[in-house]
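**Student:** Provided herewith: input.tsv, TSV, C-alpha atoms.
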```
chain	number	residue	atom	x	y	z
P	773	MET	CA	113.08	100.56	139.36
P	774	LYS	CA	113.46	104.04	137.92
P	775	ASP	CA	110.22	105.45	139.24
P	776	GLU	CA	108.42	103.33	141.81
P	777	THR	CA	105.22	105.33	141.33
P	778	ILE	CA	104.92	104.23	137.73
P	779	ARG	CA	105.30	100.62	138.85
P	780	GLU	CA	102.75	101.06	141.64
P	781	SER	CA	100.28	102.66	139.29
P	782	TRP	CA	100.62	99.76	136.88
P	783	ASP	CA	100.21	97.28	139.72
P	784	ARG	CA	96.74	98.65	140.32
P	785	ILE	CA	95.70	97.87	136.78
P	786	ARG	CA	94.31	94.35	136.91
P	787	PRO	CA	91.03	92.73	135.89
P	788	ASP	CA	88.48	92.13	138.62
P	789	GLU	CA	87.68	88.52	139.42
P	790	ALA	CA	84.60	88.41	137.20
P	791	ALA	CA	86.47	89.85	134.21
P	792	ASP	CA	89.38	87.48	134.79
P	793	ALA	CA	86.97	84.53	134.85
P	794	ARG	CA	85.24	85.76	131.66
P	795	MET	CA	88.53	86.17	129.78
P	796	HIS	CA	89.82	82.82	131.00
P	797	GLY	CA	86.55	81.15	129.96
P	798	ALA	CA	86.51	82.83	126.53
P	799	VAL	CA	90.11	81.91	125.76
P	800	MET	CA	89.64	78.27	126.78
P	801	GLU	CA	86.35	78.03	124.88
P	802	TYR	CA	88.08	79.38	121.76
P	803	GLN	CA	90.92	76.93	122.30
P	804	HIS	CA	88.43	74.03	122.53
P	805	SER	CA	86.55	75.10	119.42
P	806	HIS	CA	89.79	75.71	117.52
P	807	ARG	CA	91.25	72.34	118.44
P	808	GLY	CA	87.92	70.75	117.60
P	809	ARG	CA	88.18	71.87	113.98
P	810	PRO	CA	88.08	70.54	111.41
P	811	ALA	CA	85.42	67.92	112.14
P	812	VAL	CA	86.80	64.53	111.21
P	813	TRP	CA	83.81	63.48	109.13
P	814	LYS	CA	83.82	66.73	107.17
P	815	TRP	CA	87.40	66.25	106.04
P	816	ALA	CA	87.56	62.48	105.90
P	817	VAL	CA	86.98	62.18	102.13
P	818	PRO	CA	89.37	64.97	101.05
P	819	ALA	CA	91.94	63.64	103.53
P	820	LEU	CA	91.65	60.15	102.08
P	821	CYS	CA	92.11	61.56	98.56
P	822	LEU	CA	95.18	63.47	99.72
P	823	LEU	CA	96.59	60.39	101.37
P	824	LEU	CA	96.05	58.41	98.20
P	825	THR	CA	97.73	61.09	96.11
P	826	ALA	CA	100.62	61.28	98.56
P	827	ALA	CA	101.00	57.50	98.48
P	828	ILE	CA	101.08	57.49	94.67
P	829	LEU	CA	103.62	60.32	94.61
P	830	LEU	CA	105.73	58.51	97.17
P	831	PHE	CA	106.07	55.49	94.96
P	832	THR	CA	106.40	57.32	91.65
P	833	SER	CA	108.81	60.13	92.44
P	834	THR	CA	111.84	60.85	94.52
P	835	PRO	CA	111.29	63.11	97.56
P	836	ARG	CA	111.68	66.82	96.77
P	837	VAL	CA	113.52	67.40	100.03
P	838	GLN	CA	116.23	65.06	101.20
P	839	PHE	CA	117.84	64.89	104.63
P	840	LYS	CA	121.30	63.46	104.86
P	841	GLU	CA	124.23	64.07	107.22
P	842	ASN	CA	122.46	66.92	109.03
P	843	ARG	CA	121.73	68.73	105.77
P	844	TYR	CA	118.41	69.31	104.06
P	845	THR	CA	118.70	69.46	100.29
P	846	VAL	CA	115.97	70.67	97.97
P	847	LYS	CA	115.70	71.68	94.32
P	848	PRO	CA	113.15	74.50	94.25
P	849	GLY	CA	111.50	74.83	90.88
P	850	GLY	CA	113.40	71.75	89.77
P	851	GLY	CA	116.54	73.83	89.28
P	852	ASN	CA	119.69	74.26	91.31
P	853	THR	CA	120.17	72.70	94.73
P	854	LEU	CA	119.51	74.67	97.89
P	855	GLU	CA	121.21	73.20	100.93
P	856	TYR	CA	120.31	73.95	104.56
P	857	VAL	CA	122.96	73.30	107.17
P	858	THR	CA	122.61	73.43	110.97
P	859	GLY	CA	123.05	76.73	112.75
P	860	GLU	CA	122.35	78.32	116.11
P	861	PRO	CA	120.75	81.70	116.83
P	862	ALA	CA	123.27	83.65	118.91
P	863	GLY	CA	123.86	87.31	119.65
P	864	SER	CA	122.41	90.35	118.02
P	865	ALA	CA	123.44	92.43	115.07
P	866	LYS	CA	124.00	96.19	115.04
P	867	PHE	CA	120.53	97.52	114.64
P	868	ALA	CA	120.85	101.28	114.93
P	869	TYR	CA	120.34	104.20	112.58
P	870	ASP	CA	122.42	107.32	112.19
P	871	TYR	CA	119.31	109.24	111.16
P	872	GLU	CA	115.74	109.81	112.32
P	873	VAL	CA	113.25	107.10	111.42
P	874	ASN	CA	109.57	106.44	111.83
P	875	ASP	CA	107.51	103.35	111.21
P	876	ARG	CA	104.08	102.27	110.06
P	877	GLU	CA	102.23	99.17	108.94
P	878	LEU	CA	102.21	98.44	105.23
P	879	THR	CA	98.97	98.21	103.30
P	880	ALA	CA	97.86	95.00	101.59
P	881	GLN	CA	98.73	96.59	98.24
P	882	GLU	CA	102.24	97.47	99.41
P	883	ILE	CA	102.75	93.90	100.63
P	884	LEU	CA	101.72	92.68	97.19
P	885	THR	CA	104.13	95.13	95.56
P	886	LEU	CA	106.96	93.65	97.59
P	887	PHE	CA	105.86	90.04	97.23
P	888	PRO	CA	103.97	89.53	93.95
P	889	SER	CA	104.32	85.76	94.33
P	890	PHE	CA	102.05	85.83	97.39
P	891	SER	CA	98.71	86.65	95.87
P	892	ARG	CA	96.83	85.42	98.92
P	893	THR	CA	96.09	88.16	101.40
P	894	SER	CA	94.58	87.33	104.74
P	895	GLU	CA	94.36	88.76	108.22
P	896	GLU	CA	97.33	86.57	109.09
P	897	ASN	CA	99.52	88.53	106.66
P	898	TYR	CA	101.05	91.67	108.09
P	899	PHE	CA	104.09	93.82	107.46
P	900	SER	CA	105.54	96.95	108.99
P	901	GLY	CA	108.24	99.20	107.63
P	902	VAL	CA	110.86	101.58	109.07
P	903	PHE	CA	111.28	104.74	106.99
P	904	LYS	CA	113.99	107.38	106.88
P	905	THR	CA	112.46	110.65	108.03
P	906	GLY	CA	112.69	113.32	105.36
P	907	THR	CA	113.42	111.17	102.33
P	908	GLY	CA	110.60	108.68	103.05
P	909	GLU	CA	112.62	105.73	101.81
P	910	MET	CA	111.97	102.40	103.49
P	911	VAL	CA	115.15	101.13	105.14
P	912	ARG	CA	113.85	98.04	106.90
P	913	ALA	CA	110.65	96.02	106.95
P	914	GLU	CA	109.43	92.89	108.60
P	915	GLY	CA	106.30	90.81	108.66
P	916	ARG	CA	104.67	87.48	108.18
P	917	ILE	CA	103.11	86.23	104.97
P	918	ASP	CA	101.56	82.84	104.52
P	919	GLY	CA	103.35	81.50	107.60
P	920	ILE	CA	106.81	82.79	106.63
P	921	MET	CA	108.53	85.60	108.56
P	922	PHE	CA	110.39	88.06	106.34
P	923	PHE	CA	112.96	90.67	107.38
P	924	LEU	CA	114.03	93.09	104.66
P	925	ALA	CA	116.71	95.75	104.76
P	926	GLN	CA	118.47	98.09	102.40
P	927	ALA	CA	121.70	96.48	101.22
P	928	GLY	CA	124.39	97.09	103.85
P	929	LEU	CA	121.99	96.99	106.82
P	930	ALA	CA	121.35	93.84	108.86
P	931	PRO	CA	117.81	92.66	108.09
P	932	SER	CA	117.31	91.10	111.53
P	933	ASP	CA	118.86	91.73	114.93
P	934	CYS	CA	119.41	88.00	115.38
P	935	ILE	CA	122.69	86.55	114.15
P	936	ILE	CA	122.68	82.88	113.23
P	937	THR	CA	126.11	81.41	113.71
P	938	GLY	CA	127.58	78.33	112.16
P	939	ALA	CA	124.97	78.12	109.45
P	940	PRO	CA	125.75	79.51	106.06
P	941	GLU	CA	129.08	77.91	105.37
P	942	ARG	CA	128.04	77.28	101.81
P	943	GLU	CA	126.28	79.50	99.35
P	944	ASN	CA	123.78	78.12	96.92
P	945	LEU	CA	123.00	79.73	93.59
P	946	ILE	CA	119.29	80.03	92.82
P	947	GLY	CA	118.58	81.76	89.52
P	948	GLY	CA	122.12	83.12	89.68
P	949	VAL	CA	121.57	84.67	93.14
P	950	PRO	CA	123.67	83.36	96.07
P	951	VAL	CA	121.42	82.15	98.90
P	952	LYS	CA	122.64	81.29	102.40
P	953	ALA	CA	120.40	78.76	104.10
P	954	GLY	CA	120.26	76.89	107.37
P	955	TYR	CA	118.09	75.45	110.10
P	956	ALA	CA	118.10	75.26	113.89
P	957	LEU	CA	116.29	73.09	116.43
P	958	PHE	CA	114.75	74.41	119.64
P	959	ALA	CA	114.91	72.44	122.89
P	960	ALA	CA	112.06	69.98	123.40
P	961	ASN	CA	109.06	71.12	125.42
P	962	SER	CA	107.62	69.21	128.39
P	963	LYS	CA	105.92	66.78	126.03
P	964	GLY	CA	109.10	66.08	124.12
P	965	VAL	CA	107.95	68.05	121.06
P	966	ARG	CA	110.72	69.99	119.32
P	967	ASN	CA	110.24	72.92	117.01
P	968	THR	CA	112.56	73.77	114.19
P	969	VAL	CA	113.25	76.92	112.19
P	970	PHE	CA	114.51	77.08	108.60
P	971	PHE	CA	116.02	80.28	107.31
P	972	ALA	CA	117.43	81.68	104.09
P	973	GLU	CA	119.12	84.97	103.21
P	974	PHE	CA	119.92	86.56	99.89
P	975	GLU	CA	120.29	89.97	98.27
P	976	ILE	CA	118.29	91.19	95.32
P	977	ASN	CA	117.47	94.71	94.02
P	978	ARG	CA	119.82	96.14	96.68
P	979	THR	CA	117.52	94.53	99.24
P	980	THR	CA	118.76	92.02	101.79
P	981	VAL	CA	116.08	89.42	102.43
P	982	TYR	CA	116.06	87.15	105.47
P	983	ALA	CA	113.17	84.65	105.58
P	984	GLU	CA	112.36	82.02	108.17
P	985	ILE	CA	109.67	79.48	108.82
P	986	ALA	CA	109.15	77.63	112.08
P	987	GLY	CA	107.16	74.55	112.95
P	988	ASN	CA	107.07	71.14	114.51
P	989	GLU	CA	110.22	69.13	113.83
P	990	LYS	CA	108.12	66.33	112.33
P	991	ASP	CA	107.02	68.75	109.58
P	992	SER	CA	110.63	69.65	108.68
P	993	LEU	CA	110.47	68.43	105.09
P	994	GLN	CA	107.33	70.45	104.33
P	995	LEU	CA	108.71	73.54	106.10
P	996	CYS	CA	111.96	73.31	104.17
P	997	GLU	CA	110.15	72.88	100.88
P	998	LYS	CA	107.75	75.74	101.53
P	999	LEU	CA	110.54	78.18	102.35
P	1000	SER	CA	112.61	77.01	99.39
P	1001	GLU	CA	109.73	77.47	96.96
P	1002	ALA	CA	109.07	80.95	98.38
P	1003	VAL	CA	112.74	81.90	97.90
P	1004	TYR	CA	112.72	80.47	94.38
P	1005	GLU	CA	109.54	82.37	93.47
P	1006	MET	CA	110.88	85.67	94.81
P	1007	ILE	CA	114.09	85.36	92.84
P	1008	ARG	CA	112.24	84.22	89.72
P	1009	ARG	CA	110.05	87.32	89.93
P	1010	ASN	CA	112.99	89.58	90.80
P	1011	ALA	CA	111.40	90.57	94.14
P	1012	PRO	CA	111.30	92.15	96.61
P	1013	ASP	CA	112.56	95.67	96.00
P	1014	ILE	CA	112.59	97.65	99.24
P	1015	SER	CA	112.70	100.94	97.31
P	1016	ALA	CA	109.26	100.18	95.83
P	1017	VAL	CA	107.55	101.28	99.06
P	1018	ARG	CA	107.91	104.76	100.49
P	1019	PHE	CA	106.50	106.66	103.44
P	1020	GLU	CA	103.54	108.62	102.10
B	765	MET	CA	102.35	73.99	110.14
B	766	LEU	CA	102.77	73.81	113.92
B	767	SER	CA	100.65	71.36	115.88
B	768	PRO	CA	97.97	73.15	117.88
B	769	ARG	CA	98.89	73.62	121.51
B	770	SER	CA	97.15	71.42	124.06
B	771	ASN	CA	94.50	72.92	126.33
B	772	ASN	CA	96.92	72.71	129.25
B	773	GLU	CA	99.64	74.57	127.34
B	774	VAL	CA	97.28	77.38	126.33
B	775	GLU	CA	95.92	77.67	129.85
B	776	ALA	CA	99.43	77.78	131.31
B	777	ILE	CA	100.43	80.58	128.91
B	778	TYR	CA	97.23	82.48	129.70
B	779	LEU	CA	97.74	82.24	133.46
B	780	ARG	CA	101.42	83.17	133.13
B	781	GLN	CA	100.99	86.20	130.86
B	782	ARG	CA	97.45	87.52	131.33
B	783	MET	CA	98.41	90.38	133.65
B	784	THR	CA	101.14	91.58	131.31
B	785	VAL	CA	98.79	91.47	128.32
B	786	TYR	CA	96.01	93.14	130.33
B	787	ARG	CA	98.25	96.02	131.42
B	788	VAL	CA	99.61	96.63	127.94
B	789	CYS	CA	96.09	96.66	126.49
B	790	PHE	CA	94.80	98.93	129.25
B	791	ALA	CA	97.55	101.45	128.54
B	792	TYR	CA	96.23	101.74	124.98
B	793	LEU	CA	92.48	101.39	125.48
B	794	LYS	CA	92.02	103.02	128.90
B	795	ASN	CA	88.93	101.11	130.00
B	796	PRO	CA	88.27	97.60	131.31
B	797	ALA	CA	85.62	96.55	128.77
B	798	ASP	CA	87.71	97.21	125.66
B	799	THR	CA	90.79	95.87	127.42
B	800	GLU	CA	88.98	92.60	128.12
B	801	ASP	CA	88.11	92.21	124.42
B	802	ALA	CA	91.68	93.02	123.37
B	803	VAL	CA	93.16	90.52	125.84
B	804	GLN	CA	90.88	87.81	124.46
B	805	GLU	CA	91.76	88.67	120.84
B	806	THR	CA	95.48	88.55	121.70
B	807	PHE	CA	95.16	85.02	123.08
B	808	PHE	CA	92.87	84.01	120.18
B	809	ARG	CA	95.72	84.97	117.81
B	810	LEU	CA	98.10	82.89	119.91
B	811	ILE	CA	95.76	79.91	119.48
B	812	ARG	CA	95.27	80.49	115.73
B	813	LYS	CA	98.87	81.23	114.77
B	814	VAL	CA	100.61	78.70	117.07
B	815	PRO	CA	103.91	80.62	117.17
B	816	ALA	CA	106.97	78.67	118.36
B	817	PHE	CA	108.64	80.07	121.48
B	818	ALA	CA	112.24	79.41	122.45
B	819	SER	CA	111.66	80.68	126.03
B	820	GLU	CA	109.13	82.37	128.32
B	821	GLU	CA	110.75	85.73	127.50
B	822	HIS	CA	110.19	85.05	123.81
B	823	GLU	CA	106.58	84.12	124.60
B	824	LYS	CA	106.09	87.35	126.55
B	825	ALA	CA	107.66	89.43	123.78
B	826	TRP	CA	105.35	87.90	121.17
B	827	LEU	CA	102.28	88.53	123.33
B	828	ILE	CA	103.26	92.15	124.03
B	829	ARG	CA	103.81	92.85	120.32
B	830	THR	CA	100.55	91.15	119.42
B	831	ALA	CA	98.60	92.93	122.18
B	832	ALA	CA	99.95	96.29	120.98
B	833	ASN	CA	98.95	95.46	117.39
B	834	VAL	CA	95.46	94.36	118.48
B	835	CYS	CA	94.98	97.63	120.36
B	836	LYS	CA	96.33	99.77	117.51
B	837	ASP	CA	93.95	98.01	115.10
B	838	GLU	CA	91.05	98.73	117.45
B	839	LEU	CA	92.03	102.38	117.82
B	840	LYS	CA	92.33	102.72	114.02
B	841	ARG	CA	88.90	101.14	113.59
B	842	ARG	CA	87.41	103.57	116.08
B	843	TYR	CA	89.12	106.49	114.38
B	844	ARG	CA	87.65	105.42	111.03
B	845	THR	CA	84.17	104.95	112.47
B	846	HIS	CA	84.43	108.06	114.70
B	847	GLU	CA	83.75	106.03	117.85
B	848	SER	CA	85.28	107.40	121.01
B	849	LEU	CA	86.78	105.40	123.85
B	850	ASP	CA	85.07	105.19	127.24
B	851	VAL	CA	87.89	106.32	129.46
B	852	HIS	CA	88.04	104.71	132.88
B	853	PRO	CA	86.68	107.19	135.50
B	854	GLU	CA	89.85	107.02	137.59
B	855	LEU	CA	91.85	108.15	134.58
B	856	GLN	CA	89.53	111.08	134.00
B	857	SER	CA	89.43	112.50	137.51
B	858	GLU	CA	91.74	115.40	138.14
B	859	ASP	CA	91.70	114.99	141.93
B	860	GLY	CA	92.82	111.35	142.01
B	861	SER	CA	95.79	110.05	143.90
B	862	ARG	CA	99.32	110.64	142.71
B	863	THR	CA	99.38	107.07	141.43
B	864	SER	CA	96.41	107.61	139.16
B	865	ASP	CA	97.87	110.93	138.00
B	866	VAL	CA	101.02	109.14	137.00
B	867	PHE	CA	99.18	106.35	135.27
B	868	ARG	CA	96.93	108.82	133.49
B	869	ALA	CA	100.02	110.59	132.21
B	870	VAL	CA	101.34	107.26	130.94
B	871	THR	CA	98.09	106.41	129.16
B	872	GLU	CA	98.09	109.85	127.55
B	873	LEU	CA	101.48	109.26	125.95
B	874	PRO	CA	101.48	108.70	122.19
B	875	ASP	CA	100.65	105.05	121.49
B	876	LYS	CA	104.04	104.19	120.06
B	877	TYR	CA	105.72	104.88	123.44
B	878	LYS	CA	103.41	102.80	125.62
B	879	ALA	CA	104.79	99.28	125.24
B	880	VAL	CA	108.33	100.64	125.56
B	881	ILE	CA	107.48	102.56	128.74
B	882	TYR	CA	105.71	99.52	130.19
B	883	LEU	CA	108.68	97.24	129.54
B	884	TYR	CA	111.21	99.77	130.84
B	885	TYR	CA	109.50	101.02	133.98
B	886	TYR	CA	107.30	98.11	135.00
B	887	GLU	CA	109.14	95.03	133.73
B	888	GLY	CA	112.59	96.55	134.27
B	889	TYR	CA	114.13	95.69	130.88
B	890	ASP	CA	116.90	97.84	129.43
B	891	SER	CA	116.68	99.49	126.02
B	892	ALA	CA	118.67	96.77	124.23
B	893	GLU	CA	116.39	94.05	125.63
B	894	ILE	CA	113.30	96.04	124.68
B	895	ALA	CA	114.65	96.51	121.14
B	896	ARG	CA	115.03	92.76	120.80
B	897	MET	CA	111.59	92.06	122.31
B	898	LEU	CA	109.74	94.57	120.15
B	899	ARG	CA	111.96	94.00	117.11
B	900	LYS	CA	112.70	97.66	116.88
B	901	PRO	CA	116.08	99.32	116.34
B	902	LYS	CA	117.84	100.14	119.63
B	903	SER	CA	118.10	103.77	118.53
B	904	THR	CA	114.32	103.91	118.08
B	905	VAL	CA	113.72	102.48	121.55
B	906	ARG	CA	116.20	104.92	123.13
B	907	ASN	CA	114.53	107.76	121.25
B	908	TYR	CA	111.05	106.64	122.39
B	909	LEU	CA	112.23	106.49	126.01
B	910	HIS	CA	113.80	109.92	125.76
B	911	GLU	CA	110.71	111.48	124.20
B	912	ALA	CA	108.34	109.72	126.63
B	913	ARG	CA	110.39	110.85	129.65
B	914	LYS	CA	110.32	114.42	128.37
B	915	LEU	CA	106.54	114.26	128.07
B	916	LEU	CA	106.10	112.66	131.51
B	917	LYS	CA	108.33	115.31	133.09
B	918	LYS	CA	106.34	118.04	131.38
B	919	ARG	CA	103.03	116.60	132.58
B	920	LEU	CA	104.04	115.51	136.07
B	921	GLY	CA	106.63	118.13	136.93
B	922	GLU	CA	108.20	117.40	140.32
B	923	ASP	CA	106.16	114.21	140.67
B	924	PHE	CA	108.29	112.54	138.05
B	925	TYR	CA	111.85	111.54	138.66
B	926	GLU	CA	113.93	109.02	136.83
B	927	GLY	CA	115.78	107.68	139.85
```
What do you get writing this file as structure tokens?
**Tutor:**
Amino acid sequence: MKDETIRESWDRIRPDEAADARMHGAVMEYQHSHRGRPAVWKWAVPALCLLLTAAILLFTSTPRVQFKENRYTVKPGGGNTLEYVTGEPAGSAKFAYDYEVNDRELTAQEILTLFPSFSRTSEENYFSGVFKTGTGEMVRAEGRIDGIMFFLAQAGLAPSDCIITGAPERENLIGGVPVKAGYALFAANSKGVRNTVFFAEFEINRTTVYAEIAGNEKDSLQLCEKLSEAVYEMIRRNAPDISAVRFE
Amino acid sequence: MLSPRSNNEVEAIYLRQRMTVYRVCFAYLKNPADTEDAVQETFFRLIRKVPAFASEEHEKAWLIRTAANVCKDELKRRYRTHESLDVHPELQSEDGSRTSDVFRAVTELPDKYKAVIYLYYYEGYDSAEIARMLRKPKSTVRNYLHEARKLLKKRLGEDFYEG
């Protein structure tokens, strides 16, 4: 430890027993109430309608996402095929700057400027940007919108510090833009539940976009479709453009 | 999209990470009452968002980032509404022990340095690990550490050494 005093001083910072009990109680109460929602009776009718619709769709159309030979295939917007192949997160990319930078959170309006296809703003949506000191240009940004994590970077910079190996062996053309896509599975937890992450990367407006969505393995088809539609919508709307946001 | 975590899973994460989250929040908010609220909000977000974690380190990194964001939001809200923080008495006293002097100096650092300083000095991570955890460029983390050390040296004088 570089300075034991700093460690000692932090050791003394701890909640007293009563505060610890209050926090523990509040967190578990919130967990119970959150897991308790939505009430079954309240959602029974809409859920039945959805089930009926899903059943009809199942018998009248082919699935939008297909899984075959370890590849997920989807046609976002009914156009070209986007194919996700298996990959593993490994190692980290060069993530340094040769110039001074500062960062700040983006406003809701700035998020909308970058992602016009996501009109829904909520407290769950957030984004922060890294800006070049002096010029004010945004060089990197990352955040979560509607359940999808986005990492943006000026062309030539790695959008994320995580390198996914073995994934993008094939490039897909969506709206004329090459898109690399893949997915990876996490190890199962103690209950045997596995999570999966789908990711896609492309370049548009001199902006490299890396997007990923994670969730329970059993929801893979929906996750894959949601990410694919988001990618399709961004390209269709010629977004995002990292130069559209500056440090003010 | 993710299935909600079971009560046992949430409780296990809380018991595993509560001290880390508490200390990060305290470094920003400087008093037990606000820290308690921020800790709760951090775990509420964990329950609502159901993030997937590849490991306990990943889980800790997510909670530290979220706790820092919760605290920054609270400080911004107070700034907008002109509310001041109730600073813990031990952090206000000038005649406290060396330990409290040191911790006071840490809490007085600019907010952007606090999580980095916590992870470096208390948790013992190196700058590359911190960059990955906080999803910041390594150069930014190194710069934060350098600036924070300069400030700590200035405030603590001989009491501060890097070892």
**Student:** Looking at all atoms listed in the file, which of P:Asp991, P:Glu1020, P:Glu943, P:Asp918 is the one that sits closest to chain B?
**Tutor:**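 Using all atoms listed in the file, chain B sits closest to P:Asp991.
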**Student:** I want to know what sits within 7 Å of Ala816 in chain B, based on only C-alpha atoms, with residues of the same chain fewer than 4 positions away left out; could you give that as a list in words?
**Tutor:**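 In the requested format, the answer is Asn967, Ala986 and Gly987 of chain P.
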**Student:** Sorted by chain and rising residue number, which residues of chain P lie within 9 Å of chain B, and what are their closest atom pairs and distances in Å to one decimal, counting all atoms listed in the file, as CSV?
**Tutor:**
```
residue,atom,partner,partner_atom,distance
P:Met773,CA,B:Tyr885,CA,6.5
P:Lys774,CA,B:Gly927,CA,4.7
P:Asp775,CA,B:Glu926,CA,5.7
P:Glu776,CA,B:Tyr885,CA,8.2
P:Thr777,CA,B:Thr863,CA,6.1
P:Ile778,CA,B:Val866,CA,6.3
P:Arg779,CA,B:Tyr886,CA,5.0
P:Glu780,CA,B:Thr863,CA,6.9
P:Ser781,CA,B:Thr863,CA,5.0
P:Trp782,CA,B:Phe867,CA,6.9
P:Asp783,CA,B:Tyr886,CA,8.6
P:Arg784,CA,B:Thr863,CA,8.9
P:Ile785,CA,B:Arg787,CA,6.2
P:Arg786,CA,B:Met783,CA,6.6
P:Pro787,CA,B:Pro796,CA,7.2
P:Ala791,CA,B:Glu800,CA,7.1
P:Asp792,CA,B:Glu800,CA,8.4
P:Arg794,CA,B:Glu800,CA,8.6
P:Met795,CA,B:Gln804,CA,6.0
P:His796,CA,B:Tyr778,CA,7.5
P:Ala798,CA,B:Gln804,CA,6.9
P:Val799,CA,B:Gln804,CA,6.1
P:Met800,CA,B:Glu775,CA,7.0
P:Tyr802,CA,B:Phe808,CA,6.8
P:Gln803,CA,B:Ile811,CA,6.3
P:His804,CA,B:Asn771,CA,7.2
P:His806,CA,B:Arg812,CA,7.5
P:Arg807,CA,B:Pro768,CA,6.8
P:Ser864,CA,B:Arg896,CA,8.2
P:Lys866,CA,B:Pro901,CA,8.6
P:Phe867,CA,B:Pro901,CA,5.1
P:Ala868,CA,B:Ser903,CA,5.2
P:Tyr869,CA,B:Ser903,CA,6.4
P:Asp870,CA,B:Ser903,CA,8.5
P:Glu872,CA,B:Thr904,CA,8.4
P:Val873,CA,B:Thr904,CA,7.5
P:Asn874,CA,B:Thr904,CA,8.2
P:Glu896,CA,B:Lys813,CA,7.9
P:Val902,CA,B:Lys900,CA,8.9
P:Glu914,CA,B:Arg899,CA,8.9
P:Gly919,CA,B:Met765,CA,8.0
P:Ser932,CA,B:Arg899,CA,8.3
P:Asp933,CA,B:Arg896,CA,7.1
P:Cys934,CA,B:Arg896,CA,8.4
P:Phe958,CA,B:Ala818,CA,6.3
P:Ala959,CA,B:Ala818,CA,7.5
P:Asn967,CA,B:Ala816,CA,6.8
P:Thr968,CA,B:Ala816,CA,8.5
P:Val969,CA,B:Ala816,CA,9.0
P:Ala986,CA,B:Ala816,CA,6.7
P:Gly987,CA,B:Leu766,CA,4.6
P:Asn988,CA,B:Leu766,CA,5.1
P:Glu989,CA,B:Leu766,CA,8.8
P:Asp991,CA,B:Met765,CA,7.0
P:Gln994,CA,B:Met765,CA,8.4
P:Leu995,CA,B:Met765,CA,7.5
```
**Student:** I'd like to know which of B:Thr830, B:Leu916, B:Glu911, B:Glu820 is closest to Ala776 in chain B, using all atoms listed in the file.
**Tutor:**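 Distance minimum relative to Ala776 in chain B lands on B:Glu820.
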**Student:** Show which residues sit within 8 Å of Ile1007 in chain P, as a PyMOL selection string. Count all atoms listed in the file, and ignore same-chain residues fewer than 4 positions away.
**Tutor:** chain P and resi 946-947+949+976+1003+1011
**Student:** How far is it from CA of Asn1010 in chain P to CA of Asn977 in chain P, in Å with one decimal?
**Tutor:** 7.5 Å
**Student:** What is the distance, in Å and to one decimal place, between CA of Phe974 in chain P and CA of Ala927 in chain P?
**Tutor:**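 Rounded to one decimal, the two atoms are 10.2 Å apart.
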**Student:** Any idea what the distance is between CA of Glu855 in chain P and CA of Asn897 in chain P?
**Tutor:**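 Value for the CA of Glu855 in chain P-CA of Asn897 in chain P distance: 27.2 Å.
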**Student:** When you count all atoms listed in the file, which of these residues is closest to Met1006 in chain P: P:Ser889, P:Gln926, P:Asn944, P:Thr858?
**Tutor:**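 Of the candidates, the smallest distance to Met1006 in chain P is held by P:Ser889.
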